[in-house]
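K.L.:
Just so it is clear, I am handing over start-v9.csv, which has CSV, C-alpha atoms.
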chain,number,residue,atom,x,y,z
A,813,ASP,CA,167.6,-44.9,139.4
A,814,ALA,CA,169.1,-43.8,142.6
A,815,MET,CA,167.5,-45.7,145.4
A,816,VAL,CA,167.7,-47.4,148.8
A,817,ILE,CA,167.8,-51.2,148.6
A,818,GLN,CA,167.1,-53.6,151.4
A,819,ASN,CA,167.8,-57.3,151.3
A,820,PRO,CA,166.2,-59.7,151.9
A,821,ARG,CA,162.6,-58.7,151.5
A,822,TYR,CA,161.6,-61.4,153.9
A,823,GLN,CA,163.8,-63.0,156.6
A,824,VAL,CA,162.9,-65.9,158.8
A,825,THR,CA,165.2,-66.7,161.7
A,826,GLN,CA,165.0,-68.9,164.8
A,827,PHE,CA,164.7,-67.7,168.3
A,828,GLY,CA,168.2,-66.8,169.5
A,829,LYS,CA,169.9,-67.2,166.2
A,830,PRO,CA,171.8,-64.1,165.0
A,831,VAL,CA,170.5,-62.4,161.9
A,832,THR,CA,171.8,-59.6,159.8
A,833,LEU,CA,169.7,-57.3,157.6
A,834,SER,CA,171.4,-55.2,154.9
A,835,CYS,CA,170.8,-51.8,153.3
A,836,SER,CA,172.5,-50.1,150.4
A,837,GLN,CA,172.1,-46.7,148.8
A,838,THR,CA,173.1,-45.1,145.6
A,839,LEU,CA,172.1,-41.6,146.7
A,840,ASN,CA,175.4,-40.9,148.4
A,841,HIS,CA,173.6,-39.6,151.5
A,842,ASN,CA,175.4,-38.8,154.7
A,843,VAL,CA,172.7,-40.1,157.0
A,844,MET,CA,171.4,-43.6,157.2
A,845,TYR,CA,168.7,-44.7,159.6
A,846,TRP,CA,167.2,-48.0,160.9
A,847,TYR,CA,163.6,-48.0,162.0
A,848,GLN,CA,161.6,-50.8,163.5
A,849,GLN,CA,157.9,-51.0,162.6
A,850,LYS,CA,155.5,-53.4,164.2
A,851,SER,CA,152.0,-54.1,162.8
A,852,SER,CA,149.8,-51.0,162.7
A,853,GLN,CA,152.3,-48.9,164.6
A,854,ALA,CA,154.6,-46.0,163.8
A,855,PRO,CA,158.2,-46.6,162.6
A,856,LYS,CA,160.4,-46.4,165.7
A,857,LEU,CA,163.9,-45.1,165.3
A,858,LEU,CA,166.6,-47.5,166.5
A,859,PHE,CA,169.7,-45.7,165.5
A,860,HIS,CA,171.3,-43.6,162.8
A,861,TYR,CA,174.7,-42.8,161.3
A,862,TYR,CA,175.9,-39.4,160.3
A,863,ASP,CA,178.8,-40.5,158.1
A,864,LYS,CA,180.6,-42.8,160.5
A,865,ASP,CA,179.3,-41.2,163.6
A,866,PHE,CA,176.9,-43.7,165.2
A,867,ASN,CA,173.9,-42.5,167.3
A,868,ASN,CA,171.9,-45.0,169.3
A,869,GLU,CA,168.4,-44.2,170.6
A,870,ALA,CA,168.3,-44.5,174.4
A,871,ASP,CA,165.6,-47.1,174.4
A,872,THR,CA,167.1,-49.3,171.7
A,873,PRO,CA,167.9,-52.7,173.2
A,874,ASP,CA,171.5,-53.8,173.4
A,875,ASN,CA,170.5,-56.8,171.3
A,876,PHE,CA,170.5,-54.5,168.2
A,877,GLN,CA,173.7,-53.4,166.7
A,878,SER,CA,174.6,-51.7,163.5
A,879,ARG,CA,177.6,-51.4,161.1
A,880,ARG,CA,178.3,-48.9,158.4
A,881,PRO,CA,181.5,-50.0,156.6
A,882,ASN,CA,181.2,-47.3,153.9
A,883,THR,CA,178.9,-44.6,152.7
A,884,SER,CA,176.8,-47.0,150.6
A,885,PHE,CA,176.1,-49.8,153.0
A,886,CYS,CA,174.6,-50.2,156.4
A,887,PHE,CA,173.8,-53.4,158.4
A,888,LEU,CA,171.5,-54.2,161.2
A,889,ASP,CA,172.6,-57.1,163.4
A,890,ILE,CA,170.2,-58.7,165.9
A,891,ARG,CA,172.4,-60.8,168.1
A,892,SER,CA,169.8,-63.0,169.8
A,893,PRO,CA,166.3,-62.4,168.3
A,894,GLY,CA,163.3,-62.8,170.5
A,895,LEU,CA,159.7,-63.3,169.4
A,896,GLY,CA,159.1,-59.6,170.2
A,897,ASP,CA,161.7,-58.6,167.5
A,898,ALA,CA,159.4,-59.8,164.7
A,899,ALA,CA,158.7,-56.7,162.8
A,900,MET,CA,159.3,-54.8,159.6
A,901,TYR,CA,162.8,-53.2,159.6
A,902,LEU,CA,163.1,-50.1,157.4
A,903,CYS,CA,166.3,-48.5,156.2
A,904,ALA,CA,166.2,-44.8,155.2
A,905,THR,CA,168.7,-42.2,154.1
A,906,SER,CA,168.8,-38.4,154.1
A,907,SER,CA,171.2,-35.9,152.7
A,908,VAL,CA,171.1,-33.9,155.9
A,909,GLY,CA,169.4,-35.5,158.8
A,910,GLY,CA,166.4,-33.9,160.5
A,911,ILE,CA,166.2,-31.2,157.8
A,912,GLU,CA,165.5,-32.9,154.5
A,913,LYS,CA,163.2,-35.7,153.6
A,914,LEU,CA,163.9,-39.4,154.0
A,915,PHE,CA,164.2,-41.9,151.3
A,916,PHE,CA,163.1,-45.4,152.4
A,917,GLY,CA,163.8,-48.9,151.2
A,918,SER,CA,161.1,-51.4,150.8
A,919,GLY,CA,161.8,-52.9,154.2
A,920,THR,CA,162.7,-56.4,155.5
A,921,GLN,CA,159.9,-58.3,157.2
A,922,LEU,CA,161.5,-60.4,159.9
A,923,SER,CA,159.8,-63.4,161.4
A,924,VAL,CA,161.2,-65.2,164.5
A,925,LEU,CA,160.2,-68.8,165.0
B,37,SER,CA,160.3,-42.6,170.9
B,38,GLN,CA,157.1,-41.3,169.2
B,39,GLN,CA,156.7,-37.7,168.6
B,40,GLY,CA,153.0,-37.2,168.8
B,41,GLU,CA,149.5,-38.3,167.9
B,42,GLU,CA,147.6,-38.5,164.7
B,43,ASP,CA,143.9,-38.1,164.4
B,44,PRO,CA,141.8,-39.9,163.4
B,45,GLN,CA,143.5,-43.3,163.7
B,46,ALA,CA,141.4,-44.6,160.9
B,47,LEU,CA,139.3,-42.9,158.2
B,48,SER,CA,136.9,-44.4,155.7
B,49,ILE,CA,135.5,-42.3,152.9
B,50,GLN,CA,133.9,-42.5,149.4
B,51,GLU,CA,135.9,-41.9,146.3
B,52,GLY,CA,135.7,-38.2,145.3
B,53,GLU,CA,135.4,-37.0,148.9
B,54,ASN,CA,138.2,-35.1,150.7
B,55,ALA,CA,140.2,-36.6,153.5
B,56,THR,CA,141.7,-34.6,156.4
B,57,MET,CA,144.2,-36.0,158.8
B,58,ASN,CA,145.7,-34.2,161.8
B,59,CYS,CA,149.0,-34.5,163.6
B,60,SER,CA,150.2,-33.0,166.9
B,61,TYR,CA,153.7,-33.0,168.1
B,62,LYS,CA,155.5,-32.2,171.3
B,63,THR,CA,158.9,-30.5,170.8
B,64,SER,CA,160.4,-27.7,168.7
B,65,ILE,CA,160.8,-28.7,165.1
B,66,ASN,CA,162.8,-27.8,162.1
B,67,ASN,CA,160.2,-29.2,159.7
B,68,LEU,CA,157.2,-31.5,159.5
B,69,GLN,CA,156.8,-34.1,156.8
B,70,TRP,CA,154.0,-36.4,155.6
B,71,TYR,CA,154.6,-39.9,154.4
B,72,ARG,CA,152.5,-42.5,152.8
B,73,GLN,CA,152.8,-46.3,153.3
B,74,ASN,CA,151.1,-49.0,151.4
B,75,SER,CA,150.5,-52.2,153.3
B,76,GLY,CA,153.8,-54.1,153.8
B,77,ARG,CA,155.9,-51.6,152.0
B,78,GLY,CA,158.3,-48.8,152.7
B,79,LEU,CA,157.3,-45.2,153.3
B,80,VAL,CA,157.1,-42.7,150.5
B,81,HIS,CA,157.7,-39.0,151.1
B,82,LEU,CA,154.7,-36.8,150.2
B,83,ILE,CA,155.5,-33.2,151.3
B,84,LEU,CA,157.7,-31.3,153.7
B,85,ILE,CA,156.8,-28.0,155.4
B,86,ARG,CA,159.3,-26.0,157.2
B,87,SER,CA,158.7,-24.4,160.6
B,88,ASN,CA,158.5,-20.9,159.1
B,89,GLU,CA,155.9,-21.9,156.6
B,90,ARG,CA,152.1,-22.1,157.2
B,91,GLU,CA,150.7,-23.8,154.2
B,92,LYS,CA,152.0,-25.9,151.3
B,93,HIS,CA,150.4,-27.5,148.3
B,94,SER,CA,151.4,-30.4,146.1
B,95,GLY,CA,148.9,-31.6,143.5
B,96,ARG,CA,145.9,-32.8,145.5
B,97,LEU,CA,147.7,-32.4,148.8
B,98,ARG,CA,147.4,-29.5,151.1
B,99,VAL,CA,149.4,-29.3,154.3
B,100,THR,CA,149.1,-26.7,157.0
B,101,LEU,CA,151.3,-26.1,160.0
B,102,ASP,CA,150.5,-24.2,163.2
B,103,THR,CA,153.7,-24.1,165.3
B,104,SER,CA,151.9,-22.2,168.1
B,105,LYS,CA,149.5,-25.2,168.5
B,106,LYS,CA,152.2,-27.7,167.6
B,107,SER,CA,149.9,-29.2,165.0
B,108,SER,CA,149.6,-29.9,161.3
B,109,SER,CA,146.9,-31.2,158.9
B,110,LEU,CA,147.0,-33.0,155.6
B,111,LEU,CA,144.1,-32.6,153.2
B,112,ILE,CA,143.8,-34.9,150.2
B,113,THR,CA,141.2,-33.6,147.8
B,114,ALA,CA,139.1,-35.6,145.4
B,115,SER,CA,140.3,-38.9,146.9
B,116,ARG,CA,140.8,-42.0,144.8
B,117,ALA,CA,140.7,-45.7,145.7
B,118,ALA,CA,144.5,-45.7,145.0
B,119,ASP,CA,144.9,-43.3,147.9
B,120,THR,CA,144.1,-46.1,150.3
B,121,ALA,CA,147.2,-46.3,152.6
B,122,SER,CA,148.5,-45.3,156.0
B,123,TYR,CA,149.6,-41.7,156.3
B,124,PHE,CA,152.3,-40.7,158.8
B,125,CYS,CA,153.5,-37.3,159.9
B,126,ALA,CA,157.1,-37.0,161.0
B,127,THR,CA,159.1,-34.2,162.5
B,128,GLY,CA,162.7,-33.3,162.1
B,129,ASP,CA,164.1,-32.0,165.4
B,130,THR,CA,166.1,-28.9,165.8
B,131,GLY,CA,168.8,-30.4,167.9
B,132,GLY,CA,170.0,-33.4,166.0
B,133,PHE,CA,169.6,-35.4,162.9
B,134,LYS,CA,166.5,-37.4,163.8
B,135,THR,CA,163.1,-37.7,162.1
B,136,ILE,CA,160.5,-39.1,164.4
B,137,PHE,CA,157.1,-40.5,163.3
B,138,GLY,CA,153.6,-40.1,164.6
B,139,ALA,CA,151.2,-43.0,165.0
B,140,GLY,CA,149.6,-42.7,161.6
B,141,THR,CA,146.1,-42.5,160.1
B,142,ARG,CA,144.8,-45.5,158.1
B,143,LEU,CA,142.8,-44.2,155.2
B,144,PHE,CA,140.4,-46.4,153.2
B,145,VAL,CA,138.8,-44.9,150.1
B,146,LYS,CA,135.9,-46.9,148.8
B,147,ALA,CA,135.3,-47.0,145.0
Show how you would write the structure in this file as structure tokens.

P.N.:
Amino acid sequence: DAMVIQNPRYQVTQFGKPVTLSCSQTLNHNVMYWYQQKSSQAPKLLFHYYDKDFNNEADTPDNFQSRRPNTSFCFLDIRSPGLGDAAMYLCATSSVGGIEKLFFGSGTQLSVL
Amino acid sequence: SQQGEEDPQALSIQEGENATMNCSYKTSINNLQWYRQNSGRGLVHLILIRSNEREKHSGRLRVTLDTSKKSSSLLITASRAADTASYFCATGDTGGFKTIFGAGTRLFVKA
């Protein structure tokens, strides 16, 4: 089945140690999103790609970067994780951003020790 | 950034009762969507209503949209214990490609 896959499901990193989260999709969607969700809060949009066009939210910390080497894959890089970056990170795709529904992966729960 | 508020923040009902959740938003929208999230999982799309629509149904779900009041409601009829989850509204903006989520309502359905 076509889907959005996030790996790993759980990730533990140390304070200040770079970490990369991955997302792949078989839907061939143009738009890929990364959301951060802290406990009992709404998903917060970090950035999105429309094809190769990268769009950063104004309040996304510089510590967060993203790469999209091809249509299928998108990566979230956290250069120096702090304790406040512990959260669920959700990848989503959409055929046309803002107009059609989002398809979400299962998320990666990041812990920072 | 968060688009708006959801009301109530938490809701506890008995199985078989109806559950109503409300969502308000701030900006012009192309559409409004409702998503469900089970604890510790990704979000699942439930229903999308476009800005020129007023009401939409899908199974036990009924969504209304009032663009003049910038608000929407989600009604789940004849709730089941399996409906226990968090429910989020989200808006697709007219100017870009973003979908922004509201704070969510945590629904607990008691068997």

K.L.:
Using only C-alpha atoms, find each residue in chain B having at least one atom no more than 12 Å away from chain A; report its shortest atom-to-atom pair and that distance in Å (one decimal), rows by chain then rising number, as JSON lines.

P.N.:
{"residue": "B:Ser37", "atom": "CA", "partner": "A:Lys856", "partner_atom": "CA", "distance": 6.4}
{"residue": "B:Gln38", "atom": "CA", "partner": "A:Lys856", "partner_atom": "CA", "distance": 7.0}
{"residue": "B:Gln39", "atom": "CA", "partner": "A:Ala854", "partner_atom": "CA", "distance": 9.8}
{"residue": "B:Gly40", "atom": "CA", "partner": "A:Ala854", "partner_atom": "CA", "distance": 10.2}
{"residue": "B:Glu41", "atom": "CA", "partner": "A:Ala854", "partner_atom": "CA", "distance": 10.1}
{"residue": "B:Glu42", "atom": "CA", "partner": "A:Ala854", "partner_atom": "CA", "distance": 10.3}
{"residue": "B:Gln45", "atom": "CA", "partner": "A:Ser852", "partner_atom": "CA", "distance": 10.0}
{"residue": "B:Ala46", "atom": "CA", "partner": "A:Ser852", "partner_atom": "CA", "distance": 10.7}
{"residue": "B:Ser64", "atom": "CA", "partner": "A:Gly910", "partner_atom": "CA", "distance": 11.9}
{"residue": "B:Ile65", "atom": "CA", "partner": "A:Gly910", "partner_atom": "CA", "distance": 8.9}
{"residue": "B:Asn66", "atom": "CA", "partner": "A:Ile911", "partner_atom": "CA", "distance": 6.5}
{"residue": "B:Asn67", "atom": "CA", "partner": "A:Ile911", "partner_atom": "CA", "distance": 6.6}
{"residue": "B:Leu68", "atom": "CA", "partner": "A:Ile911", "partner_atom": "CA", "distance": 9.2}
{"residue": "B:Gln69", "atom": "CA", "partner": "A:Lys913", "partner_atom": "CA", "distance": 7.3}
{"residue": "B:Trp70", "atom": "CA", "partner": "A:Lys913", "partner_atom": "CA", "distance": 9.4}
{"residue": "B:Tyr71", "atom": "CA", "partner": "A:Leu914", "partner_atom": "CA", "distance": 9.3}
{"residue": "B:Arg72", "atom": "CA", "partner": "A:Phe916", "partner_atom": "CA", "distance": 11.0}
{"residue": "B:Gln73", "atom": "CA", "partner": "A:Ser918", "partner_atom": "CA", "distance": 10.1}
{"residue": "B:Asn74", "atom": "CA", "partner": "A:Ser918", "partner_atom": "CA", "distance": 10.3}
{"residue": "B:Ser75", "atom": "CA", "partner": "A:Ser852", "partner_atom": "CA", "distance": 9.5}
{"residue": "B:Gly76", "atom": "CA", "partner": "A:Met900", "partner_atom": "CA", "distance": 8.0}
{"residue": "B:Arg77", "atom": "CA", "partner": "A:Ser918", "partner_atom": "CA", "distance": 5.3}
{"residue": "B:Gly78", "atom": "CA", "partner": "A:Ser918", "partner_atom": "CA", "distance": 4.3}
{"residue": "B:Leu79", "atom": "CA", "partner": "A:Phe916", "partner_atom": "CA", "distance": 5.9}
{"residue": "B:Val80", "atom": "CA", "partner": "A:Phe916", "partner_atom": "CA", "distance": 6.8}
{"residue": "B:His81", "atom": "CA", "partner": "A:Leu914", "partner_atom": "CA", "distance": 6.9}
{"residue": "B:Leu82", "atom": "CA", "partner": "A:Lys913", "partner_atom": "CA", "distance": 9.2}
{"residue": "B:Ile83", "atom": "CA", "partner": "A:Lys913", "partner_atom": "CA", "distance": 8.4}
{"residue": "B:Leu84", "atom": "CA", "partner": "A:Lys913", "partner_atom": "CA", "distance": 7.0}
{"residue": "B:Ile85", "atom": "CA", "partner": "A:Glu912", "partner_atom": "CA", "distance": 10.0}
{"residue": "B:Arg86", "atom": "CA", "partner": "A:Ile911", "partner_atom": "CA", "distance": 8.7}
{"residue": "B:Ser87", "atom": "CA", "partner": "A:Ile911", "partner_atom": "CA", "distance": 10.5}
{"residue": "B:Ala121", "atom": "CA", "partner": "A:Ser852", "partner_atom": "CA", "distance": 11.4}
{"residue": "B:Ser122", "atom": "CA", "partner": "A:Ser852", "partner_atom": "CA", "distance": 8.9}
{"residue": "B:Tyr123", "atom": "CA", "partner": "A:Ala854", "partner_atom": "CA", "distance": 10.0}
{"residue": "B:Phe124", "atom": "CA", "partner": "A:Ala854", "partner_atom": "CA", "distance": 7.6}
{"residue": "B:Cys125", "atom": "CA", "partner": "A:Ala854", "partner_atom": "CA", "distance": 9.6}
{"residue": "B:Ala126", "atom": "CA", "partner": "A:Lys913", "partner_atom": "CA", "distance": 9.7}
{"residue": "B:Thr127", "atom": "CA", "partner": "A:Gly910", "partner_atom": "CA", "distance": 7.6}
{"residue": "B:Gly128", "atom": "CA", "partner": "A:Gly910", "partner_atom": "CA", "distance": 4.1}
{"residue": "B:Asp129", "atom": "CA", "partner": "A:Gly910", "partner_atom": "CA", "distance": 5.7}
{"residue": "B:Thr130", "atom": "CA", "partner": "A:Gly910", "partner_atom": "CA", "distance": 7.3}
{"residue": "B:Gly131", "atom": "CA", "partner": "A:Gly910", "partner_atom": "CA", "distance": 8.5}
{"residue": "B:Gly132", "atom": "CA", "partner": "A:Gly910", "partner_atom": "CA", "distance": 6.6}
{"residue": "B:Phe133", "atom": "CA", "partner": "A:Gly909", "partner_atom": "CA", "distance": 4.1}
{"residue": "B:Lys134", "atom": "CA", "partner": "A:Gly910", "partner_atom": "CA", "distance": 4.8}
{"residue": "B:Thr135", "atom": "CA", "partner": "A:Gly910", "partner_atom": "CA", "distance": 5.3}
{"residue": "B:Ile136", "atom": "CA", "partner": "A:Leu857", "partner_atom": "CA", "distance": 7.0}
{"residue": "B:Phe137", "atom": "CA", "partner": "A:Ala854", "partner_atom": "CA", "distance": 6.1}
{"residue": "B:Gly138", "atom": "CA", "partner": "A:Ala854", "partner_atom": "CA", "distance": 6.0}
{"residue": "B:Ala139", "atom": "CA", "partner": "A:Ala854", "partner_atom": "CA", "distance": 4.7}
{"residue": "B:Gly140", "atom": "CA", "partner": "A:Ala854", "partner_atom": "CA", "distance": 6.4}
{"residue": "B:Thr141", "atom": "CA", "partner": "A:Ser852", "partner_atom": "CA", "distance": 9.6}
{"residue": "B:Arg142", "atom": "CA", "partner": "A:Ser852", "partner_atom": "CA", "distance": 8.7}

K.L.:
For each of B:Asp119, B:Ala55, B:Tyr61, B:Phe144, take the minimum atom-to-atom distance to Ser107 of chain B, counting only C-alpha atoms, then give the residue where this is smallest.

P.N.:
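Smallest separation from Ser107 of chain B among the options: B:Tyr61.
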
K.L.:
Which residues are near Glu53 of chain B? Cut-off 6 Å, only C-alpha atoms, ignore same chain within fewer than 2 positions. Put them as a list in words.

P.N.:
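Surrounding residues, per the criterion: Gln50, Glu51, Ala114 and Ser115 of chain B.
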
K.L.:
Between atom CA of Phe876 of chain A and atom CA of Thr905 of chain A, what distance in Å does the model show, to one decimal?

P.N.:
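These two atoms are separated by 18.8 Å.
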
K.L.:
May I ask for the distance between atom CA of Lys92 of chain B and atom CA of Ser48 of chain B, given in Å to one decimal place?

P.N.:
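Value for the atom CA of Lys92 of chain B-atom CA of Ser48 of chain B distance: 24.3 Å.
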